[in-house]
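Peer 1: Just one file: upload-v4.cif, with mmCIF, C-alpha atoms.
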data_data
#
loop_
_atom_site.group_PDB
_atom_site.id
_atom_site.type_symbol
_atom_site.label_atom_id
_atom_site.label_comp_id
_atom_site.auth_asym_id
_atom_site.auth_seq_id
_atom_site.Cartn_x
_atom_site.Cartn_y
_atom_site.Cartn_z
ATOM 1 C CA MET I 1 0.000 0.000 0.000
ATOM 2 C CA GLU I 2 1.485 3.329 -1.050
ATOM 3 C CA MET I 3 1.677 6.268 1.354
ATOM 4 C CA THR I 4 0.160 9.588 0.437
ATOM 5 C CA GLU I 5 2.401 12.619 -0.032
ATOM 6 C CA SER I 6 1.359 14.078 3.344
ATOM 7 C CA GLN I 7 2.169 10.804 5.090
ATOM 8 C CA THR I 8 5.597 10.683 3.440
ATOM 9 C CA VAL I 9 6.386 14.215 4.616
ATOM 10 C CA ALA I 10 5.220 13.373 8.145
ATOM 11 C CA THR I 11 7.515 10.342 8.352
ATOM 12 C CA LYS I 12 10.502 12.350 7.126
ATOM 13 C CA ARG I 13 9.922 15.249 9.517
ATOM 14 C CA GLN I 14 12.039 14.801 12.624
ATOM 15 C CA VAL I 15 10.235 14.635 15.948
ATOM 16 C CA TRP I 16 10.805 17.897 17.887
ATOM 17 C CA ASN I 17 12.343 16.129 20.889
ATOM 18 C CA ALA I 18 14.379 13.528 19.000
ATOM 19 C CA GLY I 19 17.594 12.826 20.871
ATOM 20 C CA ARG I 20 16.627 15.051 23.797
ATOM 21 C CA THR I 21 15.981 14.159 27.412
ATOM 22 C CA VAL I 22 12.401 15.154 28.155
ATOM 23 C CA GLY I 23 10.469 15.322 31.391
ATOM 24 C CA ALA I 24 10.976 17.227 34.625
ATOM 25 C CA LYS I 25 14.382 18.781 35.126
ATOM 26 C CA ARG I 26 16.353 17.866 38.216
ATOM 27 C CA ALA I 27 16.471 20.201 41.188
ATOM 28 C CA LEU I 28 19.943 21.281 42.295
ATOM 29 C CA LYS I 29 21.429 19.896 45.491
ATOM 30 C CA PRO I 30 22.799 22.329 48.109
ATOM 31 C CA LYS I 31 26.375 21.374 47.197
ATOM 32 C CA GLN I 32 25.696 22.132 43.532
ATOM 33 C CA VAL I 33 24.170 25.506 44.424
ATOM 34 C CA TRP I 34 27.383 26.476 46.197
ATOM 35 C CA GLN I 35 29.522 25.146 43.343
ATOM 36 C CA ILE I 36 27.691 27.437 40.919
ATOM 37 C CA ARG I 37 28.013 30.386 43.306
ATOM 38 C CA PHE I 38 31.753 29.763 43.611
ATOM 39 C CA TYR I 39 32.096 29.566 39.830
ATOM 40 C CA LEU I 40 30.224 32.836 39.304
ATOM 41 C CA ASN I 41 32.192 34.597 42.042
ATOM 42 C CA HIS I 42 35.512 33.290 40.735
ATOM 43 C CA ASN I 43 34.718 34.598 37.261
ATOM 44 C CA ARG I 44 33.391 37.902 38.644
ATOM 45 C CA ARG I 45 30.019 37.484 36.994
ATOM 46 C CA LEU I 46 28.187 39.902 39.237
ATOM 47 C CA ARG I 47 24.953 39.995 37.246
ATOM 48 C CA ASP I 48 24.778 36.224 36.893
ATOM 49 C CA ARG I 49 25.378 35.675 40.620
ATOM 50 C CA ALA I 50 22.516 38.055 41.458
ATOM 51 C CA LEU I 51 20.259 36.386 38.865
ATOM 52 C CA PHE I 52 21.091 32.914 40.170
ATOM 53 C CA ASP I 53 20.473 33.871 43.812
ATOM 54 C CA LEU I 54 17.187 35.582 42.962
ATOM 55 C CA ALA I 55 16.050 32.548 40.966
ATOM 56 C CA ILE I 56 16.807 30.191 43.871
ATOM 57 C CA ASP I 57 15.126 32.291 46.573
ATOM 58 C CA SER I 58 12.152 33.510 44.553
ATOM 59 C CA LYS I 59 11.245 30.104 43.091
ATOM 60 C CA LEU I 60 9.692 31.991 40.172
ATOM 61 C CA ARG I 61 9.118 30.818 36.628
ATOM 62 C CA GLY I 62 11.628 32.260 34.192
ATOM 63 C CA CYS I 63 9.024 34.502 32.544
ATOM 64 C CA ASP I 64 8.293 36.171 35.898
ATOM 65 C CA LEU I 65 11.912 36.309 37.025
ATOM 66 C CA VAL I 66 13.250 38.226 34.015
ATOM 67 C CA ARG I 67 10.403 40.758 34.195
ATOM 68 C CA MET I 68 11.119 41.819 37.757
ATOM 69 C CA LYS I 69 11.715 45.529 38.233
ATOM 70 C CA ILE I 70 14.012 47.208 40.722
ATOM 71 C CA GLY I 71 11.004 48.519 42.633
ATOM 72 C CA ASP I 72 9.846 44.937 43.229
ATOM 73 C CA ILE I 73 12.861 44.142 45.396
ATOM 74 C CA VAL I 74 14.113 47.529 46.637
ATOM 75 C CA SER I 75 12.605 49.765 49.294
ATOM 76 C CA GLY I 76 14.296 52.810 50.810
ATOM 77 C CA GLY I 77 17.588 52.000 49.162
ATOM 78 C CA GLN I 78 17.683 48.509 50.686
ATOM 79 C CA ILE I 79 16.906 45.075 49.276
ATOM 80 C CA ARG I 80 13.629 43.828 50.710
ATOM 81 C CA THR I 81 13.629 40.730 52.918
ATOM 82 C CA ARG I 82 10.327 39.756 51.306
ATOM 83 C CA ALA I 83 8.845 40.605 47.929
ATOM 84 C CA ILE I 84 5.662 39.874 46.025
ATOM 85 C CA VAL I 85 4.998 39.625 42.296
ATOM 86 C CA MET I 86 2.016 38.831 40.096
ATOM 87 C CA GLN I 87 2.516 35.595 38.191
ATOM 88 C CA GLN I 88 2.055 35.864 34.464
ATOM 89 C CA LYS I 89 0.753 32.317 34.019
ATOM 90 C CA THR I 90 -1.868 32.320 36.771
ATOM 91 C CA SER I 91 -2.473 36.057 37.363
ATOM 92 C CA ARG I 92 -2.107 35.256 41.073
ATOM 93 C CA PRO I 93 0.307 37.005 43.454
ATOM 94 C CA VAL I 94 3.107 35.036 45.050
ATOM 95 C CA GLN I 95 5.341 36.144 47.894
ATOM 96 C CA PHE I 96 8.916 35.071 48.492
ATOM 97 C CA GLU I 97 11.805 35.662 50.856
ATOM 98 C CA LEU I 98 15.232 37.083 50.034
ATOM 99 C CA LEU I 99 17.922 35.732 52.329
ATOM 100 C CA ALA I 100 21.221 37.405 53.169
ATOM 101 C CA ASP I 101 23.250 35.911 50.295
ATOM 102 C CA ALA I 102 20.678 36.953 47.708
ATOM 103 C CA ARG I 103 20.308 40.430 49.203
ATOM 104 C CA ALA I 104 24.069 40.946 49.146
ATOM 105 C CA SER I 105 24.530 39.821 45.540
ATOM 106 C CA LEU I 106 21.517 41.827 44.360
ATOM 107 C CA LEU I 107 22.738 44.968 46.119
ATOM 108 C CA ALA I 108 26.206 44.588 44.571
ATOM 109 C CA TRP I 109 24.655 44.136 41.115
ATOM 110 C CA LEU I 110 22.251 47.062 41.430
ATOM 111 C CA GLU I 111 25.013 49.375 42.648
ATOM 112 C CA ARG I 112 26.831 48.657 39.413
ATOM 113 C CA ARG I 113 23.722 48.531 37.248
ATOM 114 C CA GLY I 114 22.119 51.782 38.494
ATOM 115 C CA GLY I 115 18.635 52.684 37.280
ATOM 116 C CA THR I 116 15.301 53.633 38.819
ATOM 117 C CA VAL I 117 12.556 51.630 40.513
ATOM 118 C CA ASP I 118 10.769 51.388 37.151
ATOM 119 C CA ASP I 119 13.723 49.749 35.403
ATOM 120 C CA TYR I 120 14.199 46.006 35.013
ATOM 121 C CA VAL I 121 16.579 44.317 37.443
ATOM 122 C CA PHE I 122 18.189 42.438 34.566
ATOM 123 C CA PRO I 123 18.035 44.488 31.350
ATOM 124 C CA SER I 124 18.731 43.127 27.905
ATOM 125 C CA ARG I 125 22.228 43.860 26.666
ATOM 126 C CA VAL I 126 20.815 44.436 23.187
ATOM 127 C CA ASP I 127 18.135 46.921 24.215
ATOM 128 C CA HIS I 128 18.657 48.355 27.700
ATOM 129 C CA ALA I 129 15.008 49.403 27.936
ATOM 130 C CA ARG I 130 13.866 45.778 27.654
ATOM 131 C CA HIS I 131 14.397 42.913 30.066
ATOM 132 C CA LEU I 132 16.626 39.883 29.676
ATOM 133 C CA SER I 133 14.832 37.349 27.486
ATOM 134 C CA THR I 134 13.739 33.961 28.799
ATOM 135 C CA ARG I 135 15.798 32.365 26.034
ATOM 136 C CA GLN I 136 18.953 34.146 27.186
ATOM 137 C CA TYR I 137 18.171 33.194 30.772
ATOM 138 C CA ALA I 138 17.922 29.546 29.686
ATOM 139 C CA ARG I 139 21.291 29.826 27.930
ATOM 140 C CA LEU I 140 22.851 31.217 31.086
ATOM 141 C CA VAL I 141 21.489 28.334 33.158
ATOM 142 C CA ASP I 142 22.938 25.876 30.627
ATOM 143 C CA ASP I 143 26.303 27.614 31.007
ATOM 144 C CA TRP I 144 26.211 27.537 34.799
ATOM 145 C CA VAL I 145 25.344 23.859 35.161
ATOM 146 C CA THR I 146 27.856 22.654 32.571
ATOM 147 C CA ALA I 147 30.564 24.796 34.196
ATOM 148 C CA VAL I 148 30.276 22.705 37.382
ATOM 149 C CA GLY I 149 30.180 19.375 35.565
ATOM 150 C CA LEU I 150 26.429 18.732 35.391
ATOM 151 C CA MET I 151 24.659 17.383 32.317
ATOM 152 C CA GLN I 152 22.947 20.211 30.443
ATOM 153 C CA SER I 153 20.141 17.896 29.290
ATOM 154 C CA GLU I 154 19.116 17.143 32.882
ATOM 155 C CA TYR I 155 18.889 20.717 34.142
ATOM 156 C CA GLY I 156 17.137 23.900 33.088
ATOM 157 C CA THR I 157 15.457 27.034 34.379
ATOM 158 C CA HIS I 158 12.868 24.941 36.229
ATOM 159 C CA SER I 159 15.716 23.301 38.130
ATOM 160 C CA LEU I 160 16.293 26.619 39.883
ATOM 161 C CA ARG I 161 12.572 27.042 40.557
ATOM 162 C CA ARG I 162 12.340 23.539 42.027
ATOM 163 C CA THR I 163 15.550 23.604 44.085
ATOM 164 C CA LYS I 164 14.487 25.356 47.282
ATOM 165 C CA ALA I 165 10.955 23.966 47.084
ATOM 166 C CA SER I 166 12.328 20.409 46.949
ATOM 167 C CA ILE I 167 14.692 21.029 49.870
ATOM 168 C CA ILE I 168 11.862 22.501 51.982
ATOM 169 C CA TYR I 169 9.551 19.587 51.175
ATOM 170 C CA ARG I 170 12.113 16.923 52.003
ATOM 171 C CA ALA I 171 13.002 18.694 55.260
ATOM 172 C CA THR I 172 9.436 19.276 56.439
ATOM 173 C CA GLY I 173 7.026 17.177 54.379
ATOM 174 C CA ASN I 174 4.774 20.239 54.343
ATOM 175 C CA LEU I 175 3.241 20.069 50.890
ATOM 176 C CA ARG I 176 0.806 22.932 51.526
ATOM 177 C CA ALA I 177 3.664 25.303 52.407
ATOM 178 C CA VAL I 178 5.486 24.380 49.208
ATOM 179 C CA GLN I 179 2.292 24.909 47.204
ATOM 180 C CA ILE I 180 2.039 28.459 48.573
ATOM 181 C CA LEU I 181 5.704 29.189 47.897
ATOM 182 C CA LEU I 182 5.444 27.993 44.285
ATOM 183 C CA GLY I 183 2.187 29.867 43.719
ATOM 184 C CA HIS I 184 0.318 26.780 42.542
ATOM 185 C CA SER I 185 -3.477 27.017 42.520
ATOM 186 C CA LYS I 186 -3.925 23.272 43.113
ATOM 187 C CA ILE I 187 -1.960 20.998 45.411
ATOM 188 C CA GLU I 188 -2.063 18.299 42.704
ATOM 189 C CA ASN I 189 0.134 20.557 40.579
ATOM 190 C CA THR I 190 2.669 20.738 43.399
ATOM 191 C CA VAL I 191 2.706 16.955 43.769
ATOM 192 C CA ARG I 192 3.421 16.535 40.054
ATOM 193 C CA TYR I 193 5.953 19.354 40.003
ATOM 194 C CA LEU I 194 8.004 17.922 42.852
ATOM 195 C CA GLY I 195 7.739 14.416 41.409
ATOM 196 C CA ILE I 196 6.395 13.010 44.667
ATOM 197 C CA ASP I 197 5.660 9.298 44.526
ATOM 198 C CA VAL I 198 4.785 6.447 46.878
ATOM 199 C CA GLU I 199 8.415 6.009 47.951
ATOM 200 C CA ASP I 200 8.603 9.652 49.046
ATOM 201 C CA ALA I 201 5.383 9.320 51.026
ATOM 202 C CA LEU I 202 6.549 6.131 52.743
ATOM 203 C CA ALA I 203 9.940 7.653 53.564
ATOM 204 C CA LEU I 204 8.210 10.552 55.318
ATOM 205 C CA ALA I 205 5.938 8.152 57.190
ATOM 206 C CA GLU I 206 8.878 6.007 58.324
ATOM 207 C CA ASN I 207 10.552 9.062 59.842
ATOM 208 C CA THR I 208 7.449 10.004 61.822
ATOM 209 C CA GLU I 209 7.040 8.348 65.201
ATOM 210 C CA ILE I 210 3.982 8.608 67.426
#
Produce structure tokens that represent the structure in this file.

Peer 2:
Amino acid sequence: MEMTESQTVATKRQVWNAGRTVGAKRALKPKQVWQIRFYLNHNRRLRDRALFDLAIDSKLRGCDLVRMKIGDIVSGGQIRTRAIVMQQKTSRPVQFELLADARASLLAWLERRGGTVDDYVFPSRVDHARHLSTRQYARLVDDWVTAVGLMQSEYGTHSLRRTKASIIYRATGNLRAVQILLGHSKIENTVRYLGIDVEDALALAENTEI
């Protein structure tokens, strides 16, 4: 039986994810977070260190992270200890903390960067009035993970979003808290996002004595 022309074209067209590792990206381990920080410090990549720290603490999607403005994280000339942004995907606000390391790296970057509260924290280097693109952010993440010996195919921008959330969940087992921190509307989304399975649930149960 002969194939039609459209069928022939379809069989010749390469599948979009051919040869790629698909599925959820791995979260970073604490040791890997510090390896990346050391690499960025050693190479004096002030902007990248601030971007990395903000990504880890904020747990934001890349599209929300790159659109952050100076006024979102600065108040009275100081970096806020807590900030809140409106998520683009869900149109829901989400609050996050900024710990000492992130505040220090952001302050150092903004002192060099300058700008007003209405300017983007991370401007595009092509057009200073626009923000860093999500594609460029993804390229930077690829660079950071490969620089410390990790496989690029296993990590991505969502690795940074998942990192602190995964650590908090494994330390506390508090799924509702993680849901709030990630800004998920449904707890089922958080379960899928963290990749929680029966083994995880049993491990938590085994560590709980009554």

Peer 1: Have a look at I:Ser105, I:Thr146, I:Gln95, I:Thr90 and name the one nearest to Leu46 of chain I; count only C-alpha atoms.

Peer 2: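 That would be I:Ser105, the residue with the smallest distance to Leu46 of chain I.
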
Peer 1: Please expand the PyMOL selection byres ((chain I and resi 153-158) around 9) into the concrete residues it hits in this file, giving the result as a list in words.

Peer 2: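 On this input, the PyMOL selection byres ((chain I and resi 153-158) around 9) captures Arg20, Thr21, Val22, Gly23, Ala24, Lys25, Arg26, Ala27, Leu28, Ala55, Lys59, Leu60, Arg61, Gly62, Tyr137, Ala138, Arg139, Val141, Asp142, Val145, Leu150, Met151, Gln152, Ser159, Leu160, Arg161, Arg162 and Thr163 of chain I.
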
Peer 1: Take atom CA of Gln32 of chain I and atom CA of Asp48 of chain I and report the distance between them in Å, one decimal.

Peer 2: 15.6 Å

Peer 1: May I ask which of the residues I:Arg45, I:His131, I:Arg176, I:Arg103 is the closest one to Cys63 of chain I, counting only C-alpha atoms?

Peer 2: I:His131

Peer 1: So what do you get for atom CA of Lys29 of chain I versus atom CA of Val148 of chain I, distance-wise?

Peer 2: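 One can read the atom CA of Lys29 of chain I to atom CA of Val148 of chain I distance as 12.3 Å.
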
Peer 1: Which residue gives the smallest distance to Val117 of chain I among I:Val74, I:Leu175, I:Leu40, I:Leu182, with all atoms listed in the file counted?

Peer 2: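 For Val117 of chain I, the nearest of the given residues is I:Val74.
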
Peer 1: Could you state which residues are captured by the PyMOL selection byres ((chain I and resi 107-113) around 7) in this file, as number ranges by chain?

Peer 2: I: 46-47, 50, 79, 103-106, 114-115

Peer 1: From the options I:Asp127, I:Asp101, I:Asp57, I:Asp143, which residue's atoms come nearest to Ile36 of chain I, counting all atoms listed in the file?

Peer 2: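 Looking at the shortest contact to Ile36 of chain I, the residue is I:Asp143.
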
Peer 1: Between atom CA of Leu181 of chain I and atom CA of Asp64 of chain I, measure the distance and give it in Å to one decimal.

Peer 2: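 A separation of 14.1 Å between them.
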
Peer 1: Need the shell around Ile180 of chain I: protein/DNA/RNA residues with any atom at most 10 Å away, counting only C-alpha atoms. Skip same-chain ones fewer than 3 positions apart. Format as a ChimeraX atom specification?

Peer 2: /I:94-96,175-177,183-187,190

Peer 1: Which residue gives the smallest distance to Ser75 of chain I among I:Thr116, I:Lys31, I:Gly149, I:Trp144, with all atoms listed in the file counted?

Peer 2: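 Closest candidate: I:Thr116.
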
Peer 1: Determine the axis-aligned bounding box of all atoms of segment 159-164 of chain I present in the file, pad each side by 8 Å, and express its centre and edge lengths in Å to one decimal place as AutoDock Vina command-line options.

Peer 2:
--center_x 14.3 --center_y 25.2 --center_z 42.7 --size_x 20.0 --size_y 19.7 --size_z 25.2
